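Trainee: I have a structure I would like to understand better, so I am pasting it below and will then ask my questions one at a time.
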Number of protein chains: 2
Amino acid sequence: MAAAEARQRLSRSIEDYLKVIYKLQSESGSAQTSAIAEALSIAPPSVSGMVKRLAETGLLTHTRYRGVQLTEAGERQALKMLRRHRIIETYLIGQLEYDWHNVHEEAERLEHAVSEELIERMDHALGRPSHDPHGAPIPTADGEIETTKYTPMTDIAVGAAAHLRMVGDKDSERLRFIASLGLRPGVQFDVVARQPFNGPVTIRFGDEREEVVGYELAHSLQCEEVK
Amino acid sequence: MAAAEARQRLSRSIEDYLKVIYKLQSESGSAQTSAIAEALSIAPPSVSGMVKRLAETGLLTHTRYRGVQLTEAGERQALKMLRRHRIIETYLIGQLEYDWHNVHEEAERLEHAVSEELIERMDHALGRPSHDPHGAPIPTADGEIETTKYTPMTDIAVGAAAHLRMVGDKDSERLRFIASLGLRPGVQFDVVARQPFNGPVTIRFGDEREEVVGYELAHSLQCEEVK
DNA sequence: CAGGTAGTTTAGGCTAGGTTAAATTTGAAT
DNA sequence: ATTCAAATTTAACCTAGCCTAAACTACCTG
């Protein structure tokens with residue numbers, strides 16, 4: 001019962017719920033009502049209501065007072081949204097000269113309006129990239145997503161070399177600052193020093209240039225140590 | 001009073017109303033409730049309701065039982081939508097290999113989601129075209145639109161030469177057929193024959209190829225006679 | 001100039017998706 | 001085990017946009 005594998009277009013709201021739930025689930029294992037509300041900037045009771053409807057249509061399961069779990073169908077849909085979002089961001093930066101930091105908002109609107117065909121054409125025009133410009137993996141058309149675990153910059157050993165692999169895409173000011181430090185996905189650096197008590201990390205690039213990165217920021221930078 | 005020159009984003013519905021009203025107004029001089037309803041595929045009473053709200057926000061004026069007239073602000077907004085639509089269509093065809101006939105639906109959705117910045121960037125990437133691929137003029141960013149009057153193919157004198165200048169963009173099957181006849185905006189032809197009683201028009205292209213075009217279709221093809 | 005029809009508006013209702021206030025449940029801390 | 005705060009759900013309500021049925025107006029025609 002339910003679901004009926006409807007190939008209809010979901011509403012903008014529903015698409016947003018699924019995206020957020022997917023994200024919360026994959027970050028913290030579960031998605032609570034209040035966390036969803038927080039992420040969508042709406043009141044918790046609104047979430048309760050929508051969750052009920054989504055459960056009825058089979059996109060997720062809900063255990064009262066506990067949390068929410070995407071079903072197979074819900075996750076497929078969420079990954080479709082993630083794919084759209086990341087391809088759009090990649091396209092805007094690659095083909096329309098958008099900057100790293102002002103692309104998120106635009107993608108956030110477009111992802112609800114594009115057709116599968118348009119996504120396919122953008123993907124093709126970009127040469128079917130595996131990652132977006134923030135370093136995030138792009139799900140494939142049939143819902144596969146790479147799940148490499150990276151290491152926060154704060155956990156790279158002093159003296160070790162590493163590549164920056166991934167940064168978030170939401171906070172435009174943060175991104176602008178990250179870029180100003182010369183930090184972009186792919187760039188290699190050595191960790192020169194790490195202050196204790198959640199102090200800053202000092203890194204050195206190939207050209208000898210050194211930068212000091214505050215703990216909080218460094219912690220959000222996903223890196224891969226060079227063995 | 002009213003209006004307050006709100007620079008807020010209008011709703012998708014309102015944007016569609018304005019587009020349709022603009023079109024009806026510029027085609028037939030006025031926009032009646034039932035014509036708006038017809039064009040939007042909704043019931044007339046829904047139009048009455050929305051028209052009232054639009055009048056309150058100052059986007060149009062309404063005289064009960066008569067019709068509706070866009071205000072300065074309403075027309076500006078309508079032209080903005082037209083600009084978006086046509087730039088998007090041009091972009092999809094020019095940069096993403098869409099076909100002439102499958103682009104309308106996609107643009108219809110995107111035009112509600114794009115930012116001014118994206119339109120600007122597309123326009124730039126296209127070299128600021130003056131017309132879309134169907135031959136329709138693209139309004140400028142500050143709301144100017146070319147208003148050349150063309151002649152239906154059915155009104156070109158036998159023996160005269162003419163350019164096809166503009167075709168509609170709504171009906172995908174029709175466009176496919178038009179394209180299959182070798183008819184594209186810009187193409188030149190001679191009128192070889194015209195049957196009376198709303199009969200077909202026979203035209204000849206530069207390469208001697210002749211085609212017979214049914215009256216109804218020919219009447220929808222906007223041409224410019226070569227003097 | 002009286003009517004009838006076509007077009008328009010009003011009245012009353014529905015759904016999606018949000019709100020706040022109040023009730024309920026969970027679970028952590030005594 | 002009890003209590004209590006935080007999280008969640010329920011209840012009641014709101015707005016945007018649609019709907020149908022009924023009332024109203026404009027205008028054409030005899």
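As shown in the structure tokens, the chain order sets the letters A, B, ...; within each chain, residues go from 1, and ligands are also counted from 1 in the order they appear.
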For chain B, work out the contacting residues on chain D at 12 Å, counting only C-alpha atoms (C1' of nucleotides), and write them as a JSON list (two decimals) with C-alpha atoms (C1' of nucleotides), in the first residue's frame.
Mentor:
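Saved the output as result-v3.json:
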[["chain", "number", "residue", "atom", "x", "y", "z"],
["D", 16, "DA", "C1'", -2.69, 31.35, -1.32],
["D", 17, "DG", "C1'", -4.92, 29.42, -5.06],
["D", 18, "DC", "C1'", -7.70, 26.66, -6.79],
["D", 19, "DC", "C1'", -12.83, 24.63, -7.34],
["D", 20, "DT", "C1'", -18.31, 24.46, -8.28],
["D", 21, "DA", "C1'", -22.83, 26.44, -7.95],
["D", 24, "DC", "C1'", -25.59, 39.06, -11.34],
["D", 25, "DT", "C1'", -24.54, 42.25, -15.50],
["D", 26, "DA", "C1'", -23.92, 43.54, -20.32],
["D", 27, "DC", "C1'", -25.43, 43.50, -24.47]]
Trainee: Taking the backbone alone, and naming residues the way the document does, which bits of range 21-103 of chain B are helix (DSSP H, G or I) by DSSP, as a ChimeraX atom specification?
Mentor: /B:21-28,33-40,44-56,72-96
Trainee: May I have the selected residues written with C-alpha atoms, as a short mmCIF file (atom, residue, chain, number, x, y, z; two decimals), in the first residue's frame?
Mentor:
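Saved to result-v9.cif:
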data_model
loop_
_atom_site.label_atom_id
_atom_site.label_comp_id
_atom_site.auth_asym_id
_atom_site.auth_seq_id
_atom_site.Cartn_x
_atom_site.Cartn_y
_atom_site.Cartn_z
CA ILE B 21 -2.43 39.20 -19.50
CA TYR B 22 0.41 40.95 -21.26
CA LYS B 23 0.12 38.58 -24.17
CA LEU B 24 -3.64 38.91 -24.49
CA GLN B 25 -3.41 42.65 -24.20
CA SER B 26 -0.82 42.99 -26.90
CA GLU B 27 -2.58 40.58 -29.23
CA SER B 28 -6.17 41.67 -28.90
CA THR B 33 -11.50 37.09 -17.48
CA SER B 34 -12.49 34.10 -19.56
CA ALA B 35 -9.55 34.51 -21.93
CA ILE B 36 -7.15 34.59 -19.00
CA ALA B 37 -8.80 31.53 -17.49
CA GLU B 38 -8.59 29.72 -20.80
CA ALA B 39 -4.92 30.56 -21.27
CA LEU B 40 -4.02 29.40 -17.77
CA PRO B 44 -12.97 31.87 -14.55
CA PRO B 45 -13.87 32.47 -10.89
CA SER B 46 -10.28 31.78 -9.93
CA VAL B 47 -9.27 34.56 -12.26
CA SER B 48 -11.75 36.97 -10.71
CA GLY B 49 -10.24 36.30 -7.32
CA MET B 50 -6.67 36.73 -8.39
CA VAL B 51 -7.45 39.81 -10.44
CA LYS B 52 -8.84 41.44 -7.34
CA ARG B 53 -5.64 40.78 -5.45
CA LEU B 54 -3.47 41.95 -8.31
CA ALA B 55 -5.46 45.14 -8.55
CA GLU B 56 -4.94 45.71 -4.83
CA GLU B 72 3.16 50.41 -15.57
CA ALA B 73 4.50 48.15 -12.82
CA GLY B 74 2.58 45.14 -14.08
CA GLU B 75 3.81 45.58 -17.60
CA ARG B 76 7.37 45.99 -16.42
CA GLN B 77 7.09 42.72 -14.57
CA ALA B 78 5.49 40.98 -17.56
CA LEU B 79 8.29 42.12 -19.81
CA LYS B 80 10.78 40.81 -17.31
CA MET B 81 9.15 37.41 -17.55
CA LEU B 82 9.16 37.56 -21.33
CA ARG B 83 12.82 38.43 -21.26
CA ARG B 84 13.58 35.54 -18.95
CA HIS B 85 11.61 33.10 -21.01
CA ARG B 86 13.22 34.05 -24.27
CA ILE B 87 16.75 34.19 -22.96
CA ILE B 88 16.31 30.80 -21.36
CA GLU B 89 15.00 29.31 -24.59
CA THR B 90 17.84 30.83 -26.54
CA TYR B 91 20.35 29.54 -24.04
CA LEU B 92 19.01 26.01 -23.96
CA ILE B 93 19.10 25.79 -27.73
CA GLY B 94 22.38 27.61 -28.19
CA GLN B 95 24.40 26.14 -25.35
CA LEU B 96 22.77 22.89 -24.37
#
Trainee: Using DSSP assignments from the backbone, pull out every residue in chain B that falls under strand (DSSP E or B) and give it to me as a CSV table (one decimal) with C-alpha atoms, in the first residue's frame.
Mentor:
chain,number,residue,atom,x,y,z
B,31,ALA,CA,-7.7,40.8,-21.5
B,60,LEU,CA,-3.2,46.0,-12.9
B,61,THR,CA,-6.5,47.9,-12.9
B,62,HIS,CA,-9.8,46.3,-13.2
B,68,VAL,CA,-8.2,44.1,-17.0
B,69,GLN,CA,-5.3,46.5,-17.8
B,70,LEU,CA,-1.7,46.1,-16.7
B,131,HIS,CA,15.7,37.7,-30.8
B,137,PRO,CA,12.2,39.8,-29.9
B,151,THR,CA,3.0,39.8,-42.4
B,152,PRO,CA,1.4,36.4,-42.3
B,161,ALA,CA,10.1,37.1,-52.0
B,162,ALA,CA,10.0,37.1,-48.2
B,163,HIS,CA,11.9,36.1,-45.1
B,164,LEU,CA,10.3,34.0,-42.4
B,165,ARG,CA,10.7,36.1,-39.3
B,166,MET,CA,8.9,34.5,-36.4
B,188,GLN,CA,14.1,33.3,-47.6
B,189,PHE,CA,11.5,32.0,-50.0
B,190,ASP,CA,9.3,33.0,-53.0
B,191,VAL,CA,5.6,32.6,-53.0
B,192,VAL,CA,4.8,30.5,-56.0
B,193,ALA,CA,1.1,30.1,-55.6
B,194,ARG,CA,-1.8,30.8,-53.2
B,201,VAL,CA,0.4,28.5,-50.0
B,202,THR,CA,3.1,27.1,-52.2
B,203,ILE,CA,6.6,28.4,-51.6
B,204,ARG,CA,10.0,27.9,-53.2
B,205,PHE,CA,13.3,28.1,-51.4
B,210,GLU,CA,9.1,23.7,-53.2
B,211,GLU,CA,6.7,23.1,-50.2
B,212,VAL,CA,3.0,23.4,-49.8
B,213,VAL,CA,1.9,25.0,-46.6
B,222,GLN,CA,5.2,35.9,-39.5
B,223,CYS,CA,7.1,37.0,-42.6
B,224,GLU,CA,8.7,40.1,-44.0
B,225,GLU,CA,8.4,40.8,-47.7
Trainee: Using only C-alpha atoms, determine which residues of chain A fall within 6 Å of chain B; present them as JSON, numbers by chain.
Mentor: {"A": [109, 110, 113]}
Trainee: Calculate how many Å separate CA of Gly135 in chain B from CA of Gly186 in chain B, rounding to one decimal.
Mentor: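 These two atoms are separated by 8.1 Å.
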Trainee: Using only C-alpha atoms (C1' of nucleotides), what table do you get, as a Markdown table, when you list each residue of chain C with an atom no more than 8 Å from chain A, its nearest pair of atoms, and their distance in Å rounded to one decimal, rows by chain then rising number?
Mentor:
| residue | atom | partner | partner_atom | distance |
| --- | --- | --- | --- | --- |
| C:DG17 | C1' | A:Ser46 | CA | 7.7 |
| C:DG18 | C1' | A:Ser46 | CA | 6.5 |
| C:DT19 | C1' | A:Ala43 | CA | 7.8 |
| C:DT25 | C1' | A:Tyr65 | CA | 7.0 |
| C:DT26 | C1' | A:Tyr65 | CA | 7.6 |
